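Dumped data_34.cif below, it's mmCIF, C-alpha atoms:
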```cif
data_protein
#
loop_
_atom_site.label_atom_id
_atom_site.label_comp_id
_atom_site.auth_asym_id
_atom_site.auth_seq_id
_atom_site.Cartn_x
_atom_site.Cartn_y
_atom_site.Cartn_z
CA ASP A 1488 125.58 21.12 34.23
CA ALA A 1489 124.94 22.22 30.65
CA LYS A 1490 127.86 23.87 28.90
CA THR A 1491 127.46 27.26 27.29
CA THR A 1492 128.89 28.73 24.11
CA GLN A 1493 129.39 32.46 23.68
CA PRO A 1494 131.20 34.57 21.09
CA THR A 1495 134.65 35.56 22.26
CA SER A 1496 134.15 39.25 21.61
CA MET A 1497 131.62 41.79 20.34
CA ASP A 1498 131.51 45.50 19.67
CA CYS A 1499 128.59 47.86 20.21
CA ALA A 1500 128.11 51.57 19.55
CA GLU A 1501 127.40 53.73 22.57
CA GLY A 1502 123.68 54.36 22.97
CA ARG A 1503 122.69 51.35 20.90
CA ALA A 1504 121.31 48.07 22.21
CA ALA A 1505 123.88 45.37 22.90
CA ASN A 1506 122.60 41.85 22.19
CA LEU A 1507 124.78 39.11 23.63
CA PRO A 1508 123.93 35.56 22.54
CA CYS A 1509 124.48 32.34 24.43
CA ASN A 1510 123.94 28.76 23.31
CA HIS A 1511 123.11 26.11 25.91
CA SER A 1512 121.75 23.32 23.74
CA THR A 1513 122.10 20.63 26.44
CA ILE A 1514 120.25 22.56 29.14
CA SER A 1515 117.88 20.51 31.27
CA GLY A 1516 114.52 21.48 32.66
CA ASN A 1517 115.77 22.36 36.14
CA GLU A 1518 118.65 24.59 35.07
CA TYR A 1519 118.54 28.34 35.37
CA VAL A 1520 120.30 30.70 32.97
CA TYR A 1521 122.40 33.30 34.80
CA TRP A 1522 124.28 36.30 33.45
CA TYR A 1523 127.18 37.96 35.22
CA ARG A 1524 129.67 40.55 34.03
CA GLN A 1525 133.18 41.43 35.10
CA ILE A 1526 134.53 44.90 34.59
CA HIS A 1527 138.30 45.07 34.36
CA SER A 1528 139.19 42.39 36.95
CA GLN A 1529 136.66 43.62 39.51
CA GLY A 1530 134.46 41.06 41.23
CA PRO A 1531 131.80 39.56 38.95
CA GLN A 1532 128.52 41.45 39.07
CA TYR A 1533 125.15 39.72 38.90
CA ILE A 1534 122.96 40.98 36.05
CA ILE A 1535 119.90 38.77 35.64
CA HIS A 1536 118.69 35.19 35.62
CA GLY A 1537 115.73 33.19 34.32
CA LEU A 1538 114.28 29.72 33.91
CA LYS A 1539 111.73 29.74 31.10
CA ASN A 1540 110.17 33.17 30.81
CA ASN A 1541 111.78 36.32 29.56
CA GLU A 1542 112.99 38.55 32.37
CA THR A 1543 113.70 42.26 32.71
CA ASN A 1544 115.26 44.32 35.45
CA GLU A 1545 116.85 47.75 35.73
CA MET A 1546 120.06 46.56 34.11
CA ALA A 1547 119.03 44.30 31.27
CA SER A 1548 116.54 41.97 29.61
CA LEU A 1549 116.94 38.23 29.19
CA ILE A 1550 115.26 36.52 26.27
CA ILE A 1551 115.13 32.70 26.44
CA THR A 1552 114.00 30.76 23.38
CA GLU A 1553 110.98 28.51 23.71
CA ASP A 1554 113.12 25.36 23.51
CA ARG A 1555 115.52 26.94 26.06
CA LYS A 1556 118.53 26.00 23.96
CA SER A 1557 119.70 29.58 23.64
CA SER A 1558 119.27 32.97 25.22
CA THR A 1559 120.13 36.61 24.59
CA LEU A 1560 121.12 39.26 27.08
CA ILE A 1561 120.03 42.71 25.98
CA LEU A 1562 121.52 45.92 27.32
CA PRO A 1563 119.02 48.42 25.91
CA HIS A 1564 121.23 51.52 25.75
CA ALA A 1565 124.87 50.54 26.09
CA THR A 1566 127.27 53.01 27.68
CA LEU A 1567 131.05 53.02 27.84
CA ARG A 1568 130.76 51.71 31.42
CA ASP A 1569 129.15 48.54 30.07
CA THR A 1570 132.48 47.49 28.52
CA ALA A 1571 133.17 44.20 30.31
CA VAL A 1572 133.35 40.42 29.99
CA TYR A 1573 129.86 38.93 30.09
CA TYR A 1574 129.40 35.38 31.35
CA CYS A 1575 126.40 33.19 30.54
CA ILE A 1576 126.06 30.37 33.07
CA VAL A 1577 123.54 27.58 33.50
CA ARG A 1578 122.97 26.34 37.00
CA VAL A 1579 120.76 23.61 38.47
CA LEU A 1580 118.32 24.28 41.24
CA ARG A 1581 119.66 21.74 43.71
CA ALA A 1582 121.57 22.84 46.78
CA GLY A 1583 125.32 22.73 46.57
CA ASN A 1584 125.47 23.55 42.90
CA MET A 1585 127.96 26.27 42.11
CA LEU A 1586 128.49 28.84 39.39
CA THR A 1587 130.83 27.49 36.73
CA PHE A 1588 132.37 30.24 34.62
CA GLY A 1589 133.39 29.73 30.99
CA GLY A 1590 135.30 32.16 28.79
CA GLY A 1591 132.55 34.75 28.39
CA THR A 1592 132.08 37.47 25.77
CA ARG A 1593 134.27 40.55 25.85
CA LEU A 1594 131.92 43.43 24.98
CA MET A 1595 133.56 46.63 23.83
CA VAL A 1596 131.26 49.66 23.76
CA LYS A 1597 132.66 52.31 21.44
CA PRO A 1598 131.88 56.03 21.27
CA ASN B 449 126.57 48.83 51.81
CA ALA B 450 129.67 46.71 52.39
CA GLY B 451 128.41 43.41 50.97
CA VAL B 452 131.38 41.05 50.68
CA THR B 453 134.68 42.37 52.01
CA GLN B 454 138.06 40.74 51.38
CA THR B 455 141.45 41.45 52.91
CA PRO B 456 144.20 41.97 51.94
CA LYS B 457 143.63 43.45 48.51
CA PHE B 458 147.24 42.87 47.41
CA GLN B 459 149.89 40.50 48.72
CA VAL B 460 153.30 39.29 47.57
CA LEU B 461 154.56 36.04 49.05
CA LYS B 462 157.75 34.06 48.72
CA THR B 463 157.50 30.41 47.75
CA GLY B 464 156.83 28.31 50.83
CA GLN B 465 155.34 31.11 52.92
CA SER B 466 151.87 30.81 54.35
CA MET B 467 149.06 33.30 54.52
CA THR B 468 145.34 33.61 55.11
CA LEU B 469 142.86 35.54 53.01
CA GLN B 470 139.99 36.89 55.05
CA CYS B 471 136.41 37.32 53.87
CA ALA B 472 133.36 38.70 55.63
CA GLN B 473 129.81 39.34 54.45
CA ASP B 474 127.16 41.46 56.11
CA MET B 475 124.11 40.16 54.22
CA ASN B 476 123.31 37.33 56.68
CA HIS B 477 123.99 34.81 53.92
CA ASN B 478 124.26 31.12 54.68
CA SER B 479 126.59 30.11 51.85
CA MET B 480 130.08 31.39 51.09
CA TYR B 481 132.64 30.59 48.38
CA TRP B 482 136.24 31.08 47.34
CA TYR B 483 137.12 31.32 43.64
CA ARG B 484 140.39 31.98 41.86
CA GLN B 485 140.87 33.62 38.49
CA ASP B 486 144.03 33.26 36.45
CA PRO B 487 144.88 35.81 33.72
CA GLY B 488 142.49 35.60 30.77
CA MET B 489 140.47 32.80 32.35
CA GLY B 490 137.09 32.40 33.97
CA LEU B 491 136.66 31.86 37.71
CA ARG B 492 137.23 28.44 39.23
CA LEU B 493 135.75 27.31 42.53
CA ILE B 494 138.29 26.39 45.23
CA TYR B 495 136.09 25.65 48.26
CA TYR B 496 132.63 26.51 49.43
CA SER B 497 130.60 26.46 52.61
CA ALA B 498 126.93 25.74 52.03
CA SER B 499 126.11 26.68 55.63
CA GLU B 500 127.87 27.55 58.88
CA GLY B 501 129.84 24.55 60.09
CA THR B 502 130.23 22.87 56.70
CA THR B 503 132.88 23.14 54.00
CA ASP B 504 133.32 21.26 50.73
CA LYS B 505 135.90 21.06 47.98
CA GLY B 506 135.31 22.75 44.67
CA GLU B 507 137.07 22.32 41.34
CA VAL B 508 140.63 23.26 42.40
CA PRO B 509 141.10 22.67 46.18
CA ASN B 510 144.68 21.37 46.22
CA GLY B 511 147.07 23.58 48.19
CA TYR B 512 144.31 25.37 50.10
CA ASN B 513 142.41 25.05 53.35
CA VAL B 514 139.35 26.94 54.51
CA SER B 515 137.64 27.80 57.76
CA ARG B 516 134.06 28.93 58.19
CA LEU B 517 134.71 30.86 61.38
CA ASN B 518 131.09 31.89 61.87
CA LYS B 519 128.17 32.82 59.67
CA ARG B 520 129.84 36.05 58.54
CA GLU B 521 133.42 34.93 57.93
CA PHE B 522 135.07 32.44 55.59
CA SER B 523 138.87 32.36 55.38
CA LEU B 524 141.18 30.77 52.81
CA ARG B 525 144.64 29.59 53.85
CA LEU B 526 147.67 28.82 51.74
CA GLU B 527 149.94 26.67 53.91
CA SER B 528 152.97 26.65 51.59
CA ALA B 529 152.54 29.07 48.72
CA ALA B 530 153.67 28.09 45.23
CA PRO B 531 154.09 30.26 42.10
CA SER B 532 151.15 28.36 40.54
CA GLN B 533 148.94 29.97 43.18
CA THR B 534 149.59 33.44 41.76
CA SER B 535 146.08 34.55 40.94
CA VAL B 536 143.21 36.84 41.83
CA TYR B 537 141.05 35.39 44.58
CA PHE B 538 137.36 36.20 44.92
CA CYS B 539 135.17 35.53 47.90
CA ALA B 540 131.42 35.33 47.37
CA SER B 541 128.24 34.66 49.29
CA SER B 542 124.59 33.76 48.70
CA GLU B 543 121.52 33.26 50.82
CA GLY B 544 121.45 29.56 50.00
CA SER B 545 123.45 27.22 47.78
CA GLY B 546 120.71 26.21 45.36
CA GLY B 547 120.41 27.50 41.81
CA ARG B 548 117.73 30.00 42.71
CA ASN B 549 120.14 31.96 44.92
CA THR B 550 122.11 34.83 43.46
CA ILE B 551 125.80 34.83 44.34
CA TYR B 552 127.45 38.14 45.22
CA PHE B 553 131.19 38.68 44.88
CA GLY B 554 133.83 40.70 46.68
CA GLU B 555 136.31 42.92 44.86
CA GLY B 556 139.15 40.43 44.80
CA SER B 557 142.56 39.84 46.39
CA TRP B 558 145.61 39.94 44.11
CA LEU B 559 148.21 37.39 45.23
CA THR B 560 151.67 37.04 43.70
CA VAL B 561 153.97 34.20 44.74
CA VAL B 562 157.63 34.69 43.76
#
```

Show me this structure written as C-alpha cells.
Amino acid sequence: DAKTTQPTSMDCAEGRAANLPCNHSTISGNEYVYWYRQIHSQGPQYIIHGLKNNETNEMASLIITEDRKSSTLILPHATLRDTAVYYCIVRVLRAGNMLTFGGGTRLMVKP
Amino acid sequence: NAGVTQTPKFQVLKTGQSMTLQCAQDMNHNSMYWYRQDPGMGLRLIYYSASEGTTDKGEVPNGYNVSRLNKREFSLRLESAAPSQTSVYFCASSEGSGGRNTIYFGEGSWLTVV
C-alpha cells in the first residue's frame, strides 16, 4: 500500500475552515484515500473516503488532486470538538486489505 | 445504536496471567478486526476475520489468539500477558474486507500488565 505523509500538527481558529493536507505520491490506481480521526484516545471515527473525484458529506470535504498524489481534508467550520488526530490512509480495493495507520496530524482548534 | 461494543473497558493484569477481550457488533458485518494502539502511536492490526469461520494474522499477532465465535462476536485472548502488551485495544468491523468497505471502531479497552 502507498505510504502517506502528513504534517505532525496544525492549529486552526474556531469557526474557520481547517485544511489538512496529505501526500500519497506512490498511490496506485486501485487505492482509495480514507480519512479517520481519533478524539482523545476514543475509537477512530470514519470521516470520508474517495478514489478520484472530490467528495463531500455532512462532516467534511475531500479534495483529491488530478494526479491523485495528494489530497486535502476540509472541515468547513471547525469547532473545539474537532480537536483530534486526523489520519490519512490509502487502501486497496482487494478483499483482505486492512487499514494501516500512520502518525496522523494533531489538529488543535483554538477559540 | 450500539455499533461495536468491547468489554472490559479497563483491566489490570499481572505478568503471566491470561484474559480475553470480548467484542460484539450489531451491524450484521462480515469482517471484524483487533487493533492495538501504544501511547503516541497509530493503530496496528493484530488479527482479523474477513468472514465468519476465518481468521488471519495482522501486523503484530505474536502473544495473541483470536476466536470468531459467530458472525457477531470476535474475541482476543492473551494467554500469558507481558508488560509489552500494555496498550489500548480496539475492535472494529466492516461489511466486507475490501477497500470499499468502511471500518467502524469500538471505544477501546485499556489494558495494563504489571

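Each of A:Ile1535, A:Asn1544, A:Tyr1521, A:Ala1505 was compared to Met1595 (chain A) using only C-alpha atoms, and A:Ala1505 turns out to be the nearest.
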
Could you please select, counting all atoms listed in the file, the residues of chain A within 10 Å of chain B and state them as a PyMOL selection string? chain A and resi 1517-1521+1523+1525+1528-1538+1572+1574+1577-1591

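Minimum atom-to-atom distances from B:Ile494, B:Val508, B:Leu524, B:Ala472 to Ser541 (chain B) were compared using all atoms listed in the file, and the lowest value belongs to B:Ala472.
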
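Each of A:Ala1504, A:Ile1514, A:Cys1499, A:Ile1526 was compared to Leu1560 (chain A) using only C-alpha atoms, and A:Ala1504 turns out to be the nearest.
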
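The space separating CA of Thr534 (chain B) from CA of Tyr495 (chain B) comes to 16.9 Å.
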
Test item: the PyMOL selection byres ((chain B and resi 467) around 12) resolved as a list in words: Thr455, Pro456, Gln459, Val460, Leu461, Lys462, Thr463, Gly464, Gln465, Ser466, Thr468, Leu469, Gln470, Gly511, Tyr512, Asn513, Val514, Ser523, Leu524, Arg525, Leu526, Glu527, Ser528, Ala529, Ala530, Gln533, Leu559, Thr560 and Val561 of chain B

Got a sec to resolve the PyMOL selection byres ((chain A and resi 1568) around 10) on this structure and send the residues as a short mmCIF file (atom, residue, chain, number, x, y, z; two decimals) with C-alpha atoms, in the coordinates of the input?
```cif
data_model
loop_
_atom_site.label_atom_id
_atom_site.label_comp_id
_atom_site.auth_asym_id
_atom_site.auth_seq_id
_atom_site.Cartn_x
_atom_site.Cartn_y
_atom_site.Cartn_z
CA GLU A 1501 127.40 53.73 22.57
CA ILE A 1526 134.53 44.90 34.59
CA ALA A 1565 124.87 50.54 26.09
CA THR A 1566 127.27 53.01 27.68
CA LEU A 1567 131.05 53.02 27.84
CA ASP A 1569 129.15 48.54 30.07
CA THR A 1570 132.48 47.49 28.52
CA ALA A 1571 133.17 44.20 30.31
CA MET A 1595 133.56 46.63 23.83
CA VAL A 1596 131.26 49.66 23.76
#
```

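For the pair CA of Lys1539 (chain A) and CA of Thr1492 (chain A), the separation is 18.6 Å.
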
Residues returned when the PyMOL selection byres ((chain A and resi 1493) around 10) runs on this file, as a compact mmCIF listing (two decimals) with C-alpha atoms, keeping the file's coordinate frame:
```txt
# COMPACT_ATOMS: atom_id res chain seq x y z
CA THR A 1491 127.46 27.26 27.29
CA THR A 1492 128.89 28.73 24.11
CA PRO A 1494 131.20 34.57 21.09
CA THR A 1495 134.65 35.56 22.26
CA SER A 1496 134.15 39.25 21.61
CA LEU A 1507 124.78 39.11 23.63
CA PRO A 1508 123.93 35.56 22.54
CA CYS A 1509 124.48 32.34 24.43
CA ASN A 1510 123.94 28.76 23.31
CA HIS A 1511 123.11 26.11 25.91
CA TYR A 1573 129.86 38.93 30.09
CA TYR A 1574 129.40 35.38 31.35
CA CYS A 1575 126.40 33.19 30.54
CA GLY A 1589 133.39 29.73 30.99
CA GLY A 1590 135.30 32.16 28.79
CA GLY A 1591 132.55 34.75 28.39
CA THR A 1592 132.08 37.47 25.77
CA ARG A 1593 134.27 40.55 25.85
```

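Taking CA of Asn518 (chain B) and CA of Trp482 (chain B) as the two end points, the separation is 15.4 Å.
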
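Among A:Ser1558, A:His1564, A:Leu1594, A:Glu1553, the residue with the shortest atom-to-atom distance to Ile1576 (chain A), counting all atoms listed in the file, is A:Ser1558.
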